[in-house]
Each structure stands twice: as C-alpha cells, then as structure tokens.
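Enquirer: One structure, pasted below without further comment.
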Amino acid sequence: MTAYQAPLEDVHFLMKDVFKVDQLWAELSGHDELDVDTADAILEGAAKICEQVIAPLNRPSDEQGVVWVDGKIVAADGYKEAYQTFCEGGWNALEGNSEYGAMGMPKTLVAPIDEFVRGSCMSFGLLPMLTIGASVAIDKHGSEPIKERYLPKMYSGEWTGAMDLTEPHCGTDLGLIRTKAVPEADGSYRLSGTKIFITWGEHELSDNIIHLVLAKLPGAPAGTRGISLFLVPKYIVNDDGALGDRNSVSCGSIEHKMGIKASATCVMNFDAASAWLIGEENKGLACMFTMMNNERLAVGVQGLGVAELAYQQALAYAKDRLQGRSPTGAKNKDQEADSLLVHPDIRRILLKMKALNEGGRAFYLYVARLLDIEGFSSDPAKQREASSLVALLTPVVKAFVTDMAFDTAVDGQQVLGGHGFIREWGLEQHVRDIRITQIYEGTNGIQAMDLIARKVIPDKGAVLSVYLAEISAFIDEVEGHARLSFCLPALRQLVVMVKEVTDALISASAGDANAPGAAAVDYLHLLGYLSYAYMWAIITASLAVSGRDDVLAQAKWHTAKFFFSKLLPKTHALKESILAGSDSLMALGDEHF
Ligand SMILES: Cc1cc2nc3c(=O)[nH]c(=O)nc-3n(C[C@H](O)[C@H](O)[C@H](O)COP(=O)(O)OP(=O)(O)OC[C@H]3O[C@@H](n4cnc5c(N)ncnc54)[C@H](O)[C@@H]3O)c2cc1C
C-alpha cells in the first residue's frame with residue numbers, strides 16, 4: 001500500500017503562485033513578518049511528522065479500534081506517543097490566540113497543515129481538530145478568567161476539547177435538547193443530561209478534557225432561542241490552575257462504527273456536573289456556531305485530506321498494474337500487458353480524482369484567505385465583505401468538498417478493481433472513513449438548506465452577487481490571454497446561469513415553501529462546481545501570466561481542460577433539476593412510499 005505523502009508541491013504552488021500569500025500576509029496585522037520561506041519550513045516540518053509519525057497509525061488503528069472498559073477508553077497502540085510528539089512540536093497551537101500561548105498563524109498556512117494531519121490519519125486528526133474548534137469558541141466568547149485558565153493548556157495539548165450537542169432524540173433540531181443547567185450561588189452551574197456521538201469525549205491521551213456543552217436553563221425560551229453554552233471539564237480546575245476532583249461527567253459507552261474506528265465516539269452522561277457559562281445565557285447556539293463554523297471548514301479539509309491519499313494510492317496502483325492493451329496498440333511491448341494508465345476510462349477516473357482534489361484544495365485555500373482578511377485586515381470594509389463571503393461559502397466547503405471526496409474515494413476503489421474492496425489495499429477504509437464527513441457537523445443536506453434558506457434567499461442573493469461580481473471582474477481582467485479561451489467563456493456563462501437559477505429559485509420560494517428544500521443539494525453542488533471552475537481558471541490564469549511551463553504547470557493545464565470539458569457540463573443537469581421545482585417530490589402521498 002502506498003504511504004501517505006503530503007502534497008507539498010501543490011500547496012507551495014497554490015500559496016505562492018496562485019494566492020500570493022506573501023502579499024496577503026504583508027497586508028495583515030500580526031502576520032507581516034511571515035514569508036513563504038518560513039511557511040515552507042513549517043509545512044515541511046508538518047509533512048515530516050504526518051508522514052513519519054501519524055500516517056503509520058492509520059491502518060493498524062483502524063484494525064484495532066478503540067475499546068471502552070468501565071468508563072475508560074483505551075486508544076489504539078501508538079496514539080499516546082504520537083499525540084505527545086504532535087503536541088511537543090507545537091502543532092496543536094498553530095492558529096490560536098498568541099496572548100494565551102498559541103502562535104496565531106494565518107489560516108492560509110494552517111489549513112494545508114490540517115489537510116496533512118487529517119489525510120494521514122483521520123481518527124487521530126479528530127483529536128486536535130476538536131480541541132482547536134473548542135479553543136476558538138472559548139477565545140471568542142469566554143470570560144477573561146476562563147480564557148486564562150483553559151486556553152494555554154488546550155494550546156499546549158495537555159487538555160483536549162470536545163463538542164457536546166447531539167442527544168439521543170435530536171441532532172439536527174437542537175431546539176429539542178433536554179440537557180439542563182441550574183445556576184449555583186457561586187456563579188457556576190450544575191449540568192445534567194445525556195449527549196451521544198461525542199467525538200473523543202473520553203480518553204486517556206490528555207490530562208483533562210474540556211467539553212463545550214449545549215444545555216437549557218430553567219425557564220429558558222422554547223427552541224433554539226433558549227439554548228446556552230457551558231464549559232464542563234472532566235477534572236475540575238482549581239484556582240491555582242492545578243487539576244482537582246473528577247467532575248461528574250462520565251462515558252457510558254462508545255459506538256461501533258462504519259469508519260473512523262480509532263476515534264472514540266462516546267455517550268457522555270452529565271450528572272449535576274460543575275459547569276461554567278460561555279457567552280450570554282440563551283445565546284449559546286450563536287457561540288457554538290463559532291466552533292461549528294470552524295469545524296465545518298475543517299471537515300471539508302478533512303475529507304479532502306483522505307481523498308488525496310485515495311488518489312495517491314489509486315495512481316500508484318494504476319501505474320503498476322498490467323492489464324490489457326492500449327486501444328491504439330501495445331505501449332509496453334516487453335511485457336504481456338500495458339499498465340492501467342493506457343485505458344481511457346481509468347484516465348477518466350484518475351483525472352476526475354485529481355481535478356476535484358486540486359480544485360478542492362484551491363477552494364479551501366481561497367476561503368482560508370477570506371478568513372485571514374476577516375480576522376486580520378486593517379480595512380473594516382474588506383473585513384465585512386470577507387466575512388459575508390465566508391458565511392456564504394462555508395456550507396459549500398463543508399458539503400461539496402466532502403461529497404466530492406467521498407466520490408473520489410469510491411472512484412479510487414474502482415481503479416483497484418477487486419483489490420479496492422479488499423482491506424489490505426486501504427481504499428475501502430477511505431470510503432468508510434470519508435462517509436462520516438458528509439454526515440457530521442450538520443449533514444450535507446442541512447448545509448445545503450443553510451446555503452439556500454439562510455445565506456441566499458433572505459438577502460435576495462446580495463452576498464452571492466458580490467461573489468459573482470468578483471468572478472466576473474477576474475474574467476474581465478484576464479480575458480486577453482488566448483490560452484484561457486478554453487475556460488473563460490464557460491465560466492462567464494456559468495456566472496450568468498447561477499444568477500438566473502438563483503433569481504428563479506427566490507421567486508419560486510415566495511409561492512412554494514417546499515421549493516428551497518427541493519432544490520437545496522443541487523443548488524449547493526451548482527455553487528460548488530462554479531467555485532471549482534473559478535479556482536481552475538485562477539490557477540491557469542496564474543500560469544498564463546507567469547509563463548511557468550514545468551511538469552507541474554503542464555499537468556495543471558491538462559487537468560483544468562479536463563475539468564472544464566468533462567466535469568463542468570454537469571452544471572446543466574443541475575440547473576434542469578433545480579428548475580424542475582418541488583412538484584415531483586411532494587405529489588407522492590405518504591401511502592405511496
Ligand atoms: C461518528 C460520529 C461523530 C460525531 N461527533 C459528534 C460530536 O463530536 N459532537 C456532537 O454533538 N455530535 C456529533 N455527531 C452527531 C452528528 O453531528 C449528527 O449525527 C448529525 O448532525 C445528524 O443528526 P442526527 O443523527 O440526529 O440526524 P437527524 O437530525 O435525525 O436527521 C436525519 C436525516 O434527516 C435530515 N433532516 C433532519 N432535519 C431536516 C430538516 N429540517 N430539513 C431537511 N432535512 C432534515 C438530515 O439531513 C438527515 O439526513 C457525530 C456523529 C457521528 C456518527
């Protein structure tokens with residue numbers, strides 16, 4: 001089985017040539033001393049630990065899984081040591097607040113490292129991913145004493161984070177939660193209830209676990225307006241910062257899952273556990289969204305990381321495996337057969353995987369760039385615009401990237417034929433692992449509803465128009481390059497199509513409450529293809545301008561042409577399906593199913 005290799009060359013190309021992060025960082029407060037050479041050294045260090053320490057855990061830990069014994073979780077062999085190495089290297093502290101001990105690195109540098117970590121072993125990567133998400137929420141909404149007490153230990157990795165939303169009777173509809181928190185005289189709370197599916201909710205890899213838990217106060221308004229956010233540590237932290245008594249939070253059992261078998265998915269019981277409010281009472285869902293939005297981007301990156309490994313393994317297999325002859329005559333005359341790479345259908349699959357992975361990588365970096373502008377630009381107007389684009393595109397990163405990543409893993413299996421179905425080749429693990437990225441952090445169906453019903457219809461497509469105007473302005477700017485004629489007219493037509501489809505959907509929704517839901521997933525995919533087309537156009541435009549013509553540049557040109565000629569036509573089918581409305585979905589009576 002081919003070992004994971006961090007895609008350093010592509011990341012370097014995207015950061016330096018395409019997104020020109022040097023210029024971006026120079027304009028951002030706090031990052032003006034960072035340059036591409038320093039970033040390269042950091043990326044190389046990350047690639048090393050991922051390839052040498054984390055990736056070797058992937059398959060054995062999938063076989064071994066996690067074990068629950070009397071409330072304790074036994075992690076797979078090697079996790080403890082790898083986690084220690086990871087934290088000692090400072091990899092847990094890259095993007096947090098430097099006032100509390102983190103490094104405050106920009107997302108444009110951190111996101112590719114996240115890809116490496118999650119691509120090398122998804123189960124392991126979930127542990128820092130949840131910790132980072134929890135620390136982002138604490139940093140944004142926690143009081144000063146809470147931040148001082150918890151953040152440094154979370155950045156150092158001595159304490160990990162967990163996100164506790166889901167309950168047995170509700171996941172999507174969090175307004176239904178039953179977990180309760182009762183105020184105490186000293187300003188703390190006593191929290192009781194049961195949460196399920198809590199990723200790394202319990203384990204022995206760190207000294208403490210900091211749960212961010214959604215609960216309701218007595219007399220809170222019904223539904224999502226009555227949800228508050230609480231911090232519940234596994235061990236109480238004393239005033240001097242030392243660990244005190246065990247809090248009354250325990251792991252009742254773990255789930256036996258299809259994939260990510262080495263990450264503990266826990267049932268957590270809170271029995272009048274000591275808890276501290278984060279943010280304001282009844283405003284907890286908004287605070288939790290800080291963590292959830294962070295995690296949604298992270299889940300997109302996670303799916304892509306595993307899809308990259310699927311591509312690497314499928315490509316290596318296709319080069320090695322000899323089957324049949326090229327339709328144009330034998331290529332490998334010394335051997336009994338040619339490699340799989342001669343077959344147009346295998347090339348179709350591999351190119352699809354490559355085009356979606358590289359387009360997806362560019363897209364998450366594009367959104368990371370917006371996040372950096374939102375977080376660190378000194379121009380408030382730029383910050384506001386970046387922030388609204390991030391809100392628009394976050395569900396697209398989460399859902400489109402992971403939908404494409406799952407397809408990519410399945411395609412990788414296909415390249416291996418029967419061996420793709422056999423455990424020792426690894427592809428079946430990727431299919432099992434990636435599948436959850438389409439489900440957790442809000443299913444991809446819910447992401448699509450978020451996009452259409454919250455981000456597009458309410459403002460009548462105003463933020464979307466900003467995105468479309470940016471793409472149109474880019475086309476105007478580079479239109480003179482003859483080499484870009486394969487993509488710019490198609491991109492311009494797609495911008496027009498998206499505008500037309502959006503207008504039609506907004507009017508249909510005014511008279512049909514089912515219209516947004518009926519179109520949601522197709523609409524999200526349409527924006528996904530638009531975004532990837534934009535990325536491939538930006539990539540090739542950067543090559544047209546620089547004149548770069550090495551192997552990487554040639555591969556990019558060919559892959560971009562494949563994307564535009566073979567994948568982008570799917571947008572016409574999506575348009576037809578969106579405009580077909582909700583009738584065919586809703587006409588069927590319940591008795592007809
Ligand atoms: C391995 C794993 C790890 C997880 N980790 C965590 C974690 O760390 N913390 C945590 O809190 N949770 C976690 N979850 C829970 C996960 O986020 C939820 O399972 C997910 O959000 C879906 O909720 P649900 O399972 O209750 O499905 P439901 O809400 O019951 O939804 C079922 C189906 O109906 C659809 N649906 C529901 N409502 C609507 C609607 N209004 N409109 C359209 N469609 C709708 C959904 O899209 C879905 O397809 C994890 C789950 C798993 C399996």
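Starting from 1 in every chain, residues are counted up; chains themselves are A, B, ... following the order of the structure tokens, and ligands are numbered from 1 as listed.
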Which residues come within 9 Å of A:Pro218, counting only C-alpha atoms, excluding same-chain residues fewer than 6 positions away, as a PDB file with C-alpha atoms, in the first residue's frame?
Expert:
ATOM      1  CA  LYS A 180     -30.422  21.177  31.812  1.00  0.00           C
ATOM      2  CA  ALA A 181     -28.165  23.567  33.696  1.00  0.00           C
ATOM      3  CA  VAL A 182     -29.133  25.033  37.059  1.00  0.00           C
ATOM      4  CA  PRO A 183     -27.359  28.124  38.459  1.00  0.00           C
TER       5      PRO A 183
END
Enquirer: When you look at A:Val249 with a cut-off of 10 Å (counting only C-alpha atoms), what residues show up, excluding the ones that are within fewer than 3 positions of it in the same chain? I need them as a PyMOL selection string.
Expert: chain A and resi 191-194+201-202+211+232-235+246+252+268-274
Enquirer: Would you mind exporting N, CA, C and O atoms of the selected residues as a PDB file, in the first residue's frame?
Expert:
ATOM      1  N   LEU A 191     -24.929  20.849  35.667  1.00  0.00           N
ATOM      2  CA  LEU A 191     -25.460  20.448  34.360  1.00  0.00           C
ATOM      3  C   LEU A 191     -25.761  18.945  34.347  1.00  0.00           C
ATOM      4  O   LEU A 191     -24.927  18.133  34.757  1.00  0.00           O
ATOM      5  N   SER A 192     -26.968  18.593  33.868  1.00  0.00           N
ATOM      6  CA  SER A 192     -27.371  17.183  33.838  1.00  0.00           C
ATOM      7  C   SER A 192     -27.994  16.837  32.494  1.00  0.00           C
ATOM      8  O   SER A 192     -28.790  17.614  31.959  1.00  0.00           O
ATOM      9  N   GLY A 193     -27.664  15.670  31.997  1.00  0.00           N
ATOM     10  CA  GLY A 193     -28.257  15.209  30.742  1.00  0.00           C
ATOM     11  C   GLY A 193     -27.341  14.198  30.068  1.00  0.00           C
ATOM     12  O   GLY A 193     -26.280  13.839  30.596  1.00  0.00           O
ATOM     13  N   THR A 194     -27.785  13.734  28.906  1.00  0.00           N
ATOM     14  CA  THR A 194     -27.001  12.745  28.155  1.00  0.00           C
ATOM     15  C   THR A 194     -26.759  13.256  26.745  1.00  0.00           C
ATOM     16  O   THR A 194     -27.684  13.713  26.077  1.00  0.00           O
ATOM     17  N   GLY A 201     -14.910  12.238  23.295  1.00  0.00           N
ATOM     18  CA  GLY A 201     -15.500  12.770  24.533  1.00  0.00           C
ATOM     19  C   GLY A 201     -14.807  12.219  25.769  1.00  0.00           C
ATOM     20  O   GLY A 201     -14.861  12.828  26.843  1.00  0.00           O
ATOM     21  N   GLU A 202     -14.209  11.058  25.626  1.00  0.00           N
ATOM     22  CA  GLU A 202     -13.481  10.460  26.746  1.00  0.00           C
ATOM     23  C   GLU A 202     -12.249   9.741  26.192  1.00  0.00           C
ATOM     24  O   GLU A 202     -12.290   9.170  25.095  1.00  0.00           O
ATOM     25  N   HIS A 211     -15.205  19.915  27.798  1.00  0.00           N
ATOM     26  CA  HIS A 211     -16.426  19.742  26.992  1.00  0.00           C
ATOM     27  C   HIS A 211     -17.119  21.087  26.836  1.00  0.00           C
ATOM     28  O   HIS A 211     -17.320  21.804  27.826  1.00  0.00           O
ATOM     29  N   VAL A 232     -17.615  22.331  30.548  1.00  0.00           N
ATOM     30  CA  VAL A 232     -17.646  21.293  31.580  1.00  0.00           C
ATOM     31  C   VAL A 232     -16.335  20.508  31.505  1.00  0.00           C
ATOM     32  O   VAL A 232     -16.129  19.728  30.570  1.00  0.00           O
ATOM     33  N   PRO A 233     -15.429  20.717  32.460  1.00  0.00           N
ATOM     34  CA  PRO A 233     -14.164  19.968  32.402  1.00  0.00           C
ATOM     35  C   PRO A 233     -14.322  18.571  33.005  1.00  0.00           C
ATOM     36  O   PRO A 233     -15.136  18.367  33.897  1.00  0.00           O
ATOM     37  N   LYS A 234     -13.528  17.630  32.485  1.00  0.00           N
ATOM     38  CA  LYS A 234     -13.538  16.272  33.066  1.00  0.00           C
ATOM     39  C   LYS A 234     -13.023  16.335  34.505  1.00  0.00           C
ATOM     40  O   LYS A 234     -13.594  15.732  35.407  1.00  0.00           O
ATOM     41  N   TYR A 235     -11.938  17.063  34.690  1.00  0.00           N
ATOM     42  CA  TYR A 235     -11.429  17.315  36.044  1.00  0.00           C
ATOM     43  C   TYR A 235     -11.603  18.801  36.360  1.00  0.00           C
ATOM     44  O   TYR A 235     -11.276  19.656  35.516  1.00  0.00           O
ATOM     45  N   ARG A 246     -12.432  14.851  40.164  1.00  0.00           N
ATOM     46  CA  ARG A 246     -13.092  14.403  38.933  1.00  0.00           C
ATOM     47  C   ARG A 246     -14.506  14.983  38.928  1.00  0.00           C
ATOM     48  O   ARG A 246     -15.235  14.900  39.913  1.00  0.00           O
ATOM     49  N   GLY A 252     -20.631   6.620  29.110  1.00  0.00           N
ATOM     50  CA  GLY A 252     -21.479   5.444  29.341  1.00  0.00           C
ATOM     51  C   GLY A 252     -21.185   4.299  28.389  1.00  0.00           C
ATOM     52  O   GLY A 252     -21.352   3.128  28.743  1.00  0.00           O
ATOM     53  N   MET A 268     -21.989  10.471  26.527  1.00  0.00           N
ATOM     54  CA  MET A 268     -21.493  11.188  27.713  1.00  0.00           C
ATOM     55  C   MET A 268     -22.659  11.483  28.658  1.00  0.00           C
ATOM     56  O   MET A 268     -23.663  12.064  28.246  1.00  0.00           O
ATOM     57  N   ASN A 269     -22.486  11.075  29.912  1.00  0.00           N
ATOM     58  CA  ASN A 269     -23.508  11.342  30.931  1.00  0.00           C
ATOM     59  C   ASN A 269     -23.032  12.443  31.864  1.00  0.00           C
ATOM     60  O   ASN A 269     -21.918  12.376  32.405  1.00  0.00           O
ATOM     61  N   PHE A 270     -23.864  13.455  32.033  1.00  0.00           N
ATOM     62  CA  PHE A 270     -23.570  14.571  32.935  1.00  0.00           C
ATOM     63  C   PHE A 270     -24.552  14.466  34.095  1.00  0.00           C
ATOM     64  O   PHE A 270     -25.768  14.484  33.886  1.00  0.00           O
ATOM     65  N   ASP A 271     -24.016  14.338  35.295  1.00  0.00           N
ATOM     66  CA  ASP A 271     -24.870  14.108  36.456  1.00  0.00           C
ATOM     67  C   ASP A 271     -24.629  15.232  37.466  1.00  0.00           C
ATOM     68  O   ASP A 271     -23.797  15.114  38.351  1.00  0.00           O
ATOM     69  N   ALA A 272     -25.333  16.328  37.295  1.00  0.00           N
ATOM     70  CA  ALA A 272     -25.116  17.538  38.095  1.00  0.00           C
ATOM     71  C   ALA A 272     -23.631  17.935  38.051  1.00  0.00           C
ATOM     72  O   ALA A 272     -23.014  18.266  39.077  1.00  0.00           O
ATOM     73  N   ALA A 273     -23.067  17.898  36.859  1.00  0.00           N
ATOM     74  CA  ALA A 273     -21.645  18.238  36.683  1.00  0.00           C
ATOM     75  C   ALA A 273     -21.435  19.746  36.843  1.00  0.00           C
ATOM     76  O   ALA A 273     -22.289  20.542  36.455  1.00  0.00           O
ATOM     77  N   SER A 274     -20.303  20.112  37.412  1.00  0.00           N
ATOM     78  CA  SER A 274     -19.970  21.540  37.537  1.00  0.00           C
ATOM     79  C   SER A 274     -19.709  22.112  36.153  1.00  0.00           C
ATOM     80  O   SER A 274     -18.958  21.527  35.360  1.00  0.00           O
TER      81      SER A 274
END
Enquirer: Taking only C-alpha atoms and all ligand atoms into account, which residues are within 8 Å of ligand 1, as a ChimeraX atom specification?
Expert: /A:130,162-173,195-201,255,257,259-260,265,436,439-446,449,517
Enquirer: Select, from A:Ser472, A:Ser61, A:Ser465, A:Thr394, the residue with the minimum atom-to-atom distance to A:Arg492, counting only C-alpha atoms.
Expert: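 The shortest atom-to-atom distance to A:Arg492 comes from A:Ser472.
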Enquirer: Which residues are close to A:Ala337, i.e. within 9 Å by only C-alpha atoms, leaving aside same-chain residues fewer than 2 positions away? Reply as a ChimeraX atom specification.
Expert: /A:322-326,330-335,339
Enquirer: When you draw a straight line from atom CA of A:His12 to atom CA of A:Gln554, how long is it in Å?
Expert: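 Pair atom CA of A:His12 / atom CA of A:Gln554 returns 16.2 Å.
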Enquirer: Enter the distance from atom CA of A:Asp512 to atom CA of A:Leu588, in Å, rounded to one decimal.
Expert: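 Separation between atom CA of A:Asp512 and atom CA of A:Leu588: 16.3 Å.
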Enquirer: Enter the distance from atom CA of A:Met497 to atom CA of A:Ala381, in Å, rounded to one decimal.
Expert: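 If I compute the distance from atom CA of A:Met497 to atom CA of A:Ala381, I get 28.4 Å.
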Enquirer: Please list as a list in words every residue within 8 Å of stretch 78-82 of chain A, counting only C-alpha atoms and excluding residues in the same chain fewer than 2 positions away.
Expert: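 Residues near the query, excluding close chain neighbours: Val53, Ile54, Leu57, Ala75, Ala76, Gln84, Thr85, Phe86, Phe124 and Leu205 of chain A.
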Enquirer: Just the selected residues (N, CA and C atoms), exported as a tab-separated table (two decimals), in the first residue's frame, please.
Expert:
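Result file is again_28.tsv:
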chain	number	residue	atom	x	y	z
A	53	VAL	N	5.12	9.89	11.54
A	53	VAL	CA	4.58	9.54	12.87
A	53	VAL	C	3.09	9.21	12.80
A	54	ILE	N	2.31	10.04	12.09
A	54	ILE	CA	0.85	9.87	12.14
A	54	ILE	C	0.36	8.85	11.11
A	57	LEU	N	0.02	5.14	11.73
A	57	LEU	CA	-1.02	4.68	12.66
A	57	LEU	C	-2.31	4.32	11.93
A	75	ALA	N	-7.12	3.84	23.83
A	75	ALA	CA	-6.86	4.23	22.44
A	75	ALA	C	-5.97	3.20	21.76
A	76	ALA	N	-5.93	3.25	20.44
A	76	ALA	CA	-5.11	2.29	19.68
A	76	ALA	C	-3.63	2.49	20.00
A	84	GLN	N	1.78	12.91	21.92
A	84	GLN	CA	2.80	13.63	22.67
A	84	GLN	C	3.79	14.31	21.71
A	85	THR	N	4.23	13.58	20.72
A	85	THR	CA	5.17	14.15	19.73
A	85	THR	C	4.52	15.33	19.02
A	86	PHE	N	3.24	15.16	18.66
A	86	PHE	CA	2.49	16.20	17.96
A	86	PHE	C	2.44	17.48	18.81
A	124	PHE	N	-7.01	9.97	14.25
A	124	PHE	CA	-6.08	10.72	15.10
A	124	PHE	C	-6.31	12.22	14.94
A	205	LEU	N	-5.61	10.21	26.62
A	205	LEU	CA	-4.46	10.74	25.89
A	205	LEU	C	-4.01	12.10	26.43
Enquirer: Residues of stretch 197-383 of chain A classed as alpha helix (DSSP H) by DSSP on the backbone are to be reported as a PyMOL selection string.
Expert: chain A and resi 284-320+344-376+380-383
